[in-house]
$ cat coords-v9.cif   # mmCIF, C-alpha atoms
data_data
loop_
_atom_site.label_atom_id
_atom_site.label_comp_id
_atom_site.auth_asym_id
_atom_site.auth_seq_id
_atom_site.Cartn_x
_atom_site.Cartn_y
_atom_site.Cartn_z
CA MET Z 209 -23.19 34.94 22.57
CA LYS Z 210 -24.48 33.62 19.26
CA THR Z 211 -25.78 30.08 18.91
CA ASP Z 212 -24.44 27.81 16.18
CA ALA Z 213 -27.72 28.24 14.31
CA GLN Z 214 -27.33 32.04 14.37
CA ILE Z 215 -23.74 31.83 13.20
CA LYS Z 216 -24.74 29.53 10.33
CA ALA Z 217 -27.50 31.92 9.29
CA ASP Z 218 -25.09 34.88 9.36
CA VAL Z 219 -22.44 32.97 7.39
CA THR Z 220 -25.06 32.02 4.80
CA ARG Z 221 -26.17 35.62 4.42
CA GLU Z 222 -22.56 36.89 4.21
CA LEU Z 223 -21.76 34.43 1.40
CA GLU Z 224 -24.94 35.45 -0.43
CA TRP Z 225 -24.02 39.12 0.00
CA ASP Z 226 -20.57 38.70 -1.61
CA THR Z 227 -21.09 38.88 -5.37
CA SER Z 228 -17.78 37.11 -6.09
CA ILE Z 229 -19.12 33.93 -4.47
CA ASN Z 230 -21.58 31.33 -5.74
CA SER Z 231 -22.96 30.35 -2.36
CA SER Z 232 -25.14 27.57 -3.82
CA ASN Z 233 -21.98 25.44 -4.16
CA VAL Z 234 -21.03 25.72 -0.47
CA GLY Z 235 -22.15 23.51 2.38
CA ILE Z 236 -22.01 25.06 5.86
CA ALA Z 237 -21.85 23.31 9.23
CA VAL Z 238 -21.24 24.98 12.60
CA ASN Z 239 -20.23 23.28 15.84
CA HIS Z 240 -19.34 25.37 18.92
CA GLY Z 241 -18.46 28.35 16.74
CA ILE Z 242 -16.22 26.34 14.40
CA VAL Z 243 -17.44 26.64 10.80
CA THR Z 244 -16.83 23.79 8.35
CA LEU Z 245 -17.20 24.55 4.65
CA SER Z 246 -17.58 21.85 2.01
CA GLY Z 247 -18.30 21.66 -1.72
CA HIS Z 248 -16.80 22.08 -5.18
CA LEU Z 249 -15.79 25.43 -6.66
CA ASP Z 250 -14.88 26.67 -10.14
CA THR Z 251 -11.85 28.79 -9.13
CA TYR Z 252 -9.26 29.05 -6.39
CA ALA Z 253 -9.95 32.79 -6.09
CA GLU Z 254 -13.52 31.99 -5.06
CA LYS Z 255 -12.28 29.53 -2.44
CA TYR Z 256 -10.15 32.24 -0.85
CA ALA Z 257 -12.99 34.78 -1.04
CA ILE Z 258 -15.27 32.35 0.80
CA GLU Z 259 -12.74 31.83 3.57
CA ARG Z 260 -12.32 35.58 4.04
CA ALA Z 261 -16.07 36.16 4.02
CA VAL Z 262 -16.64 33.61 6.78
CA GLN Z 263 -13.90 35.15 8.90
CA ARG Z 264 -15.76 38.48 8.81
CA VAL Z 265 -18.78 37.02 10.61
CA GLU Z 266 -19.00 37.76 14.31
CA GLY Z 267 -18.97 34.67 16.53
CA VAL Z 268 -16.83 32.52 14.23
CA LYS Z 269 -13.97 31.02 16.26
CA ALA Z 270 -12.28 28.98 13.52
CA VAL Z 271 -12.84 27.83 9.94
CA ALA Z 272 -12.26 24.34 8.54
CA ILE Z 273 -11.95 24.39 4.74
CA GLU Z 274 -13.07 21.20 3.01
CA LEU Z 275 -13.67 22.90 -0.34
CA ASP Z 276 -11.97 21.67 -3.48
CA VAL Z 277 -11.51 23.39 -6.83
CA LYS Z 278 -12.79 21.70 -9.98
CA LEU Z 279 -12.14 24.08 -12.82
CA ALA Z 280 -14.88 24.84 -15.28
CA PRO Z 281 -13.90 23.75 -18.83
CA ASP Z 282 -13.30 27.33 -19.99
CA HIS Z 283 -11.01 28.00 -16.98
CA LYS Z 284 -8.56 25.19 -17.66
CA ARG Z 285 -5.04 26.14 -18.74
CA SER Z 286 -1.80 24.23 -19.21
CA ASP Z 287 0.86 24.50 -16.51
CA SER Z 288 3.14 26.43 -18.86
CA GLU Z 289 0.37 28.94 -19.63
CA ILE Z 290 -0.29 29.43 -15.92
CA ALA Z 291 3.41 29.92 -15.18
CA GLN Z 292 3.76 32.46 -17.98
CA ALA Z 293 0.70 34.41 -16.78
CA ILE Z 294 2.10 34.52 -13.23
CA GLU Z 295 5.51 35.73 -14.38
CA THR Z 296 3.84 38.49 -16.41
CA ALA Z 297 1.71 39.53 -13.42
CA PHE Z 298 4.83 39.79 -11.25
CA LYS Z 299 6.53 42.13 -13.73
CA TRP Z 300 3.68 44.64 -13.41
CA HIS Z 301 3.48 44.68 -9.60
CA VAL Z 302 5.70 47.14 -7.75
CA PHE Z 303 5.60 45.22 -4.45
CA ILE Z 304 6.83 41.92 -5.93
CA PRO Z 305 10.58 41.39 -6.52
CA GLY Z 306 9.95 38.95 -9.35
CA ASP Z 307 13.65 38.23 -9.87
CA ARG Z 308 13.74 36.69 -6.37
CA ILE Z 309 10.69 34.46 -6.75
CA ARG Z 310 10.67 30.95 -8.26
CA VAL Z 311 7.39 29.56 -9.55
CA LYS Z 312 6.52 25.89 -10.04
CA VAL Z 313 3.18 24.76 -11.48
CA GLU Z 314 2.04 21.15 -11.35
CA ARG Z 315 -1.47 20.27 -12.51
CA GLY Z 316 -2.62 23.78 -11.72
CA TRP Z 317 -1.13 23.84 -8.22
CA VAL Z 318 1.37 26.67 -7.79
CA THR Z 319 4.36 26.49 -5.43
CA LEU Z 320 6.22 29.71 -4.66
CA ASN Z 321 9.84 29.74 -3.47
CA GLY Z 322 12.44 32.41 -2.92
CA GLU Z 323 13.46 35.03 -0.37
CA VAL Z 324 12.11 38.55 0.16
CA ASP Z 325 12.72 41.28 2.72
CA TRP Z 326 9.21 41.87 4.09
CA GLU Z 327 6.00 39.96 4.79
CA TYR Z 328 3.97 42.37 2.63
CA GLN Z 329 6.07 41.25 -0.37
CA ARG Z 330 5.41 37.60 0.38
CA ALA Z 331 1.69 38.27 0.85
CA ALA Z 332 1.47 40.35 -2.35
CA THR Z 333 3.10 37.56 -4.32
CA GLU Z 334 0.55 34.98 -3.22
CA LYS Z 335 -2.34 37.43 -3.62
CA ASN Z 336 -1.46 37.95 -7.28
CA VAL Z 337 -1.35 34.24 -8.00
CA ARG Z 338 -4.82 33.40 -6.62
CA PRO Z 339 -6.92 34.96 -9.40
CA VAL Z 340 -4.82 33.61 -12.28
CA MET Z 341 -7.00 31.45 -14.50
CA GLY Z 342 -6.25 27.74 -14.16
CA VAL Z 343 -4.84 27.90 -10.61
CA VAL Z 344 -6.36 25.30 -8.25
CA GLY Z 345 -4.18 25.96 -5.19
CA VAL Z 346 -1.13 27.83 -3.87
CA THR Z 347 1.68 26.76 -1.56
CA ASN Z 348 3.68 29.75 -0.38
CA GLN Z 349 7.19 28.68 0.65
CA ILE Z 350 8.76 32.11 0.26
CA THR Z 351 11.00 32.94 3.20
CA LEU Z 352 11.96 36.28 4.73
CA LYS Z 353 15.55 37.48 4.69
CA ALA Z 354 17.13 37.17 8.10
CA GLN Z 355 17.56 40.49 9.90
CA ILE Z 356 18.49 41.29 13.48
CA PRO Z 357 15.40 42.60 15.29
CA PRO Z 358 15.95 45.78 17.34
CA SER Z 359 16.41 45.31 21.09
CA ASP Z 360 13.05 46.92 21.86
CA ILE Z 361 11.09 44.79 19.39
CA THR Z 362 8.61 43.53 22.01
CA HIS Z 363 7.75 47.09 23.04
CA ARG Z 364 7.37 48.15 19.41
CA ILE Z 365 4.93 45.32 18.70
CA GLN Z 366 2.89 46.06 21.82
CA GLU Z 367 2.66 49.74 20.85
CA ALA Z 368 1.54 48.77 17.34
CA LEU Z 369 -1.19 46.55 18.77
CA LYS Z 370 -2.40 49.42 20.96
CA ARG Z 371 -2.61 51.71 17.93
CA HIS Z 372 -4.84 49.17 16.19
CA ALA Z 373 -7.09 48.30 19.12
CA GLU Z 374 -6.10 49.26 22.64
CA ARG Z 375 -8.83 47.20 24.31
CA GLU Z 376 -7.78 43.98 22.58
CA ALA Z 377 -4.07 44.72 23.08
CA ARG Z 378 -4.49 44.38 26.84
CA ASN Z 379 -5.41 40.72 26.35
CA VAL Z 380 -2.54 39.88 23.98
CA GLU Z 381 0.74 38.49 25.28
CA VAL Z 382 3.74 39.02 22.98
CA SER Z 383 6.66 36.61 23.22
CA VAL Z 384 9.79 37.09 21.09
CA ASN Z 385 12.39 34.38 20.50
CA GLY Z 386 15.00 35.63 18.05
CA SER Z 387 13.04 36.56 14.93
CA ILE Z 388 9.95 34.51 15.87
CA VAL Z 389 6.99 36.19 17.58
CA THR Z 390 4.26 34.25 19.38
CA LEU Z 391 0.92 35.88 20.17
CA ARG Z 392 -1.16 34.43 23.01
CA GLY Z 393 -4.33 35.51 24.74
CA LYS Z 394 -7.88 36.17 23.57
CA VAL Z 395 -9.71 38.50 21.23
CA ASP Z 396 -13.39 39.07 20.51
CA SER Z 397 -13.46 38.22 16.81
CA TRP Z 398 -11.58 36.62 13.94
CA PRO Z 399 -10.87 40.00 12.24
CA GLU Z 400 -9.26 41.22 15.47
CA ARG Z 401 -7.14 38.08 15.56
CA MET Z 402 -5.94 38.69 11.99
CA ALA Z 403 -5.41 42.41 12.66
CA ALA Z 404 -3.09 41.59 15.56
CA GLN Z 405 -1.16 39.21 13.33
CA GLY Z 406 -0.90 41.81 10.57
CA ALA Z 407 0.36 44.48 12.95
CA THR Z 408 3.02 42.11 14.26
CA TRP Z 409 4.29 41.28 10.76
CA SER Z 410 5.20 44.95 10.25
CA ALA Z 411 7.89 44.75 12.93
CA PRO Z 412 11.44 44.80 11.51
CA GLY Z 413 13.44 41.57 11.59
CA ILE Z 414 10.46 39.25 12.12
CA THR Z 415 10.52 36.06 10.03
CA GLN Z 416 7.64 34.13 11.62
CA VAL Z 417 4.47 34.93 13.56
CA VAL Z 418 2.87 32.14 15.58
CA ASN Z 419 -0.72 33.19 16.21
CA GLU Z 420 -2.16 31.35 19.21
CA LEU Z 421 -4.81 33.96 19.98
CA ARG Z 422 -8.21 32.49 20.91
CA VAL Z 423 -11.45 33.95 19.67
CA GLU Z 424 -13.88 34.22 22.56
CA ALA Z 425 -16.98 36.00 21.36
#

$ encode --input "coords-v9.cif" --output "structure tokens"
Amino acid sequence: MKTDAQIKADVTRELEWDTSINSSNVGIAVNHGIVTLSGHLDTYAEKYAIERAVQRVEGVKAVAIELDVKLAPDHKRSDSEIAQAIETAFKWHVFIPGDRIRVKVERGWVTLNGEVDWEYQRAATEKNVRPVMGVVGVTNQITLKAQIPPSDITHRIQEALKRHAEREARNVEVSVNGSIVTLRGKVDSWPERMAAQGATWSAPGITQVVNELRVEA
């Protein structure tokens, strides 16, 4: 098991390795495997990239984000310019049903509303907003259209988890209540935790995944 000092060193090196990140702007603290990040960043896209980079590091149990975005002068845009850029981006993306998405921009913070059929559509919508110049944050309130899950939905999810990682699947308990799935148990790393969540989202009729999996490295 890694010590906090080892985890901090690995996180530092991972941030330095990622060329999309200016690691000199990020403060790192680790306590019992929980990583806290602090500092000021130039873009929201960099903030997300930092969070993903930390989650790739073995031994990280959780991440607390205390980073804020302070746009560089040449990155600032009006709310109307940001909204227009987002609408244009949606029109060119085949996974995003732009006619079903409503966009609100207030002081650079983007709120997404609407209803889509699948989680991948909701995720793709948010993903395309993050790198838009002038965005300082995103709130994704897009909901999934209600569908009746098949009667064997629990079995389907368990089989999907086995296909991704059979060893980890044995430690994951799947509980289904209507269209809501709760995952409990333990996994060895944060990427495994997110992989289990991603596999679950592919099940038909699911509108919410509650991920209570513990990372025990």

$ closest_residue --input "coords-v9.cif" --among "Z:Val337, Z:Ile356, Z:Leu275, Z:Ala261" --to "Thr296 (chain Z)" --atoms "all atoms listed in the file"
Z:Val337

$ closest_residue --input "coords-v9.cif" --among "Z:Ile258, Z:Ala293, Z:Val395, Z:Leu320" --to "Ile229 (chain Z)" --atoms "only C-alpha atoms"
Z:Ile258

$ closest_residue --input "coords-v9.cif" --among "Z:Ile388, Z:Ile294, Z:Ile236, Z:Met402" --to "Val423 (chain Z)" --atoms "all atoms listed in the file"
Z:Met402

$ resolve_selection --input "coords-v9.cif" --expression "the PyMOL selection byres ((chain Z and resi 368-381) around 12)" --output "PyMOL selection string"
chain Z and resi 361-367+382-384+389-411+418-424

$ closest_residue --input "coords-v9.cif" --among "Z:Arg221, Z:Arg308, Z:Arg338, Z:Lys353" --to "Arg264 (chain Z)" --atoms "only C-alpha atoms"
Z:Arg221

$ resolve_selection --input "coords-v9.cif" --expression "the PyMOL selection byres ((chain Z and resi 303) around 7)" --output "number ranges by chain"
Z: 301-302, 304-305, 329, 332

$ axis_aligned_box --input "coords-v9.cif" --around "region 323-332 of chain Z" --padding-each-side "3 Å" --output "lines of an AutoDock Vina configuration file"
center_x = 7.5
center_y = 38.7
center_z = 1.2
size_x = 18.0
size_y = 13.3
size_z = 13.1

$ atom_distance --input "coords-v9.cif" --atom1 "CA of Gly386 (chain Z)" --atom2 "CA of Pro357 (chain Z)"
7.5 Å

$ resolve_selection --input "coords-v9.cif" --expression "the PyMOL selection byres ((chain Z and resi 323) around 12)" --output "number ranges by chain"
Z: 304-310, 320-322, 324-327, 329-330, 333, 348-354, 415

$ atom_distance --input "coords-v9.cif" --atom1 "CA of Glu295 (chain Z)" --atom2 "CA of His283 (chain Z)"
18.4 Å

$ residues_around --input "coords-v9.cif" --residues "Met209 (chain Z)" --least-positions-apart "4" --cutoff "12 Å" --atoms "all atoms listed in the file" --output "number ranges by chain"
Z: 213-215, 240-241, 266-269, 396-397, 424-425

$ residues_around --input "coords-v9.cif" --residues "Ser228 (chain Z)" --least-positions-apart "4" --cutoff "12 Å" --atoms "all atoms listed in the file" --output "ChimeraX atom specification"
/Z:222-224,249-258,260-261,339

$ atom_distance --input "coords-v9.cif" --atom1 "CA of Ile273 (chain Z)" --atom2 "CA of Val313 (chain Z)"
22.2 Å

$ closest_residue --input "coords-v9.cif" --among "Z:Val311, Z:Val417, Z:Val219, Z:Val277" --to "Ser231 (chain Z)" --atoms "all atoms listed in the file"
Z:Val219

$ closest_residue --input "coords-v9.cif" --among "Z:Gly413, Z:Lys299, Z:Met341, Z:Ser387" --to "Leu279 (chain Z)" --atoms "only C-alpha atoms"
Z:Met341

$ decode --input "coords-v9.cif" --residues "region 218-288 of chain Z" --atoms "C-alpha atoms" --output "short mmCIF file (atom, residue, chain, number, x, y, z; two decimals), in the first residue's frame"
data_model
loop_
_atom_site.label_atom_id
_atom_site.label_comp_id
_atom_site.auth_asym_id
_atom_site.auth_seq_id
_atom_site.Cartn_x
_atom_site.Cartn_y
_atom_site.Cartn_z
CA ASP Z 218 2.92 10.15 -8.15
CA VAL Z 219 0.15 12.74 -8.52
CA THR Z 220 2.76 15.46 -9.01
CA ARG Z 221 4.51 13.46 -11.71
CA GLU Z 222 1.22 12.61 -13.45
CA LEU Z 223 0.23 16.28 -13.61
CA GLU Z 224 3.67 17.19 -14.95
CA TRP Z 225 3.38 14.42 -17.55
CA ASP Z 226 0.05 15.72 -18.93
CA THR Z 227 0.90 18.48 -21.40
CA SER Z 228 -2.61 19.99 -21.18
CA ILE Z 229 -1.98 20.91 -17.53
CA ASN Z 230 0.08 23.70 -15.98
CA SER Z 231 0.99 21.86 -12.80
CA SER Z 232 2.75 24.89 -11.29
CA ASN Z 233 -0.69 26.36 -10.53
CA VAL Z 234 -1.88 23.33 -8.53
CA GLY Z 235 -1.40 22.68 -4.83
CA ILE Z 236 -1.55 19.02 -3.75
CA ALA Z 237 -2.29 17.60 -0.30
CA VAL Z 238 -2.87 13.93 0.54
CA ASN Z 239 -4.42 12.52 3.70
CA HIS Z 240 -5.17 8.78 3.99
CA GLY Z 241 -5.34 8.45 0.21
CA ILE Z 242 -7.69 11.41 -0.24
CA VAL Z 243 -6.16 14.00 -2.56
CA THR Z 244 -7.05 17.68 -2.17
CA LEU Z 245 -6.26 20.01 -5.06
CA SER Z 246 -6.14 23.79 -4.70
CA GLY Z 247 -5.17 26.77 -6.84
CA HIS Z 248 -6.29 29.03 -9.67
CA LEU Z 249 -6.57 27.92 -13.29
CA ASP Z 250 -6.96 29.70 -16.64
CA THR Z 251 -9.64 27.39 -18.11
CA TYR Z 252 -12.36 25.01 -17.01
CA ALA Z 253 -11.05 22.39 -19.45
CA GLU Z 254 -7.77 22.32 -17.53
CA LYS Z 255 -9.63 21.87 -14.24
CA TYR Z 256 -11.37 18.78 -15.61
CA ALA Z 257 -8.12 17.43 -17.08
CA ILE Z 258 -6.46 17.75 -13.67
CA GLU Z 259 -9.27 15.85 -11.96
CA ARG Z 260 -9.05 13.03 -14.50
CA ALA Z 261 -5.27 12.87 -14.25
CA VAL Z 262 -5.38 12.46 -10.46
CA GLN Z 263 -7.96 9.71 -10.74
CA ARG Z 264 -5.56 7.71 -12.91
CA VAL Z 265 -3.00 7.47 -10.11
CA GLU Z 266 -2.94 4.19 -8.21
CA GLY Z 267 -3.70 4.52 -4.50
CA VAL Z 268 -5.99 7.54 -4.80
CA LYS Z 269 -9.23 6.83 -2.90
CA ALA Z 270 -11.02 10.14 -3.49
CA VAL Z 271 -10.38 13.62 -4.86
CA ALA Z 272 -11.45 16.93 -3.30
CA ILE Z 273 -11.44 19.76 -5.85
CA GLU Z 274 -10.76 23.21 -4.41
CA LEU Z 275 -9.60 24.66 -7.72
CA ASP Z 276 -11.23 27.75 -9.17
CA VAL Z 277 -11.11 29.14 -12.70
CA LYS Z 278 -9.90 32.70 -13.25
CA LEU Z 279 -9.89 33.27 -16.97
CA ALA Z 280 -6.87 34.78 -18.62
CA PRO Z 281 -7.74 38.13 -20.29
CA ASP Z 282 -7.59 36.64 -23.80
CA HIS Z 283 -9.97 33.81 -22.77
CA LYS Z 284 -12.81 36.01 -21.59
CA ARG Z 285 -16.01 36.02 -23.65
CA SER Z 286 -19.49 37.45 -23.15
CA ASP Z 287 -22.27 35.08 -22.09
CA SER Z 288 -23.97 35.48 -25.46
#
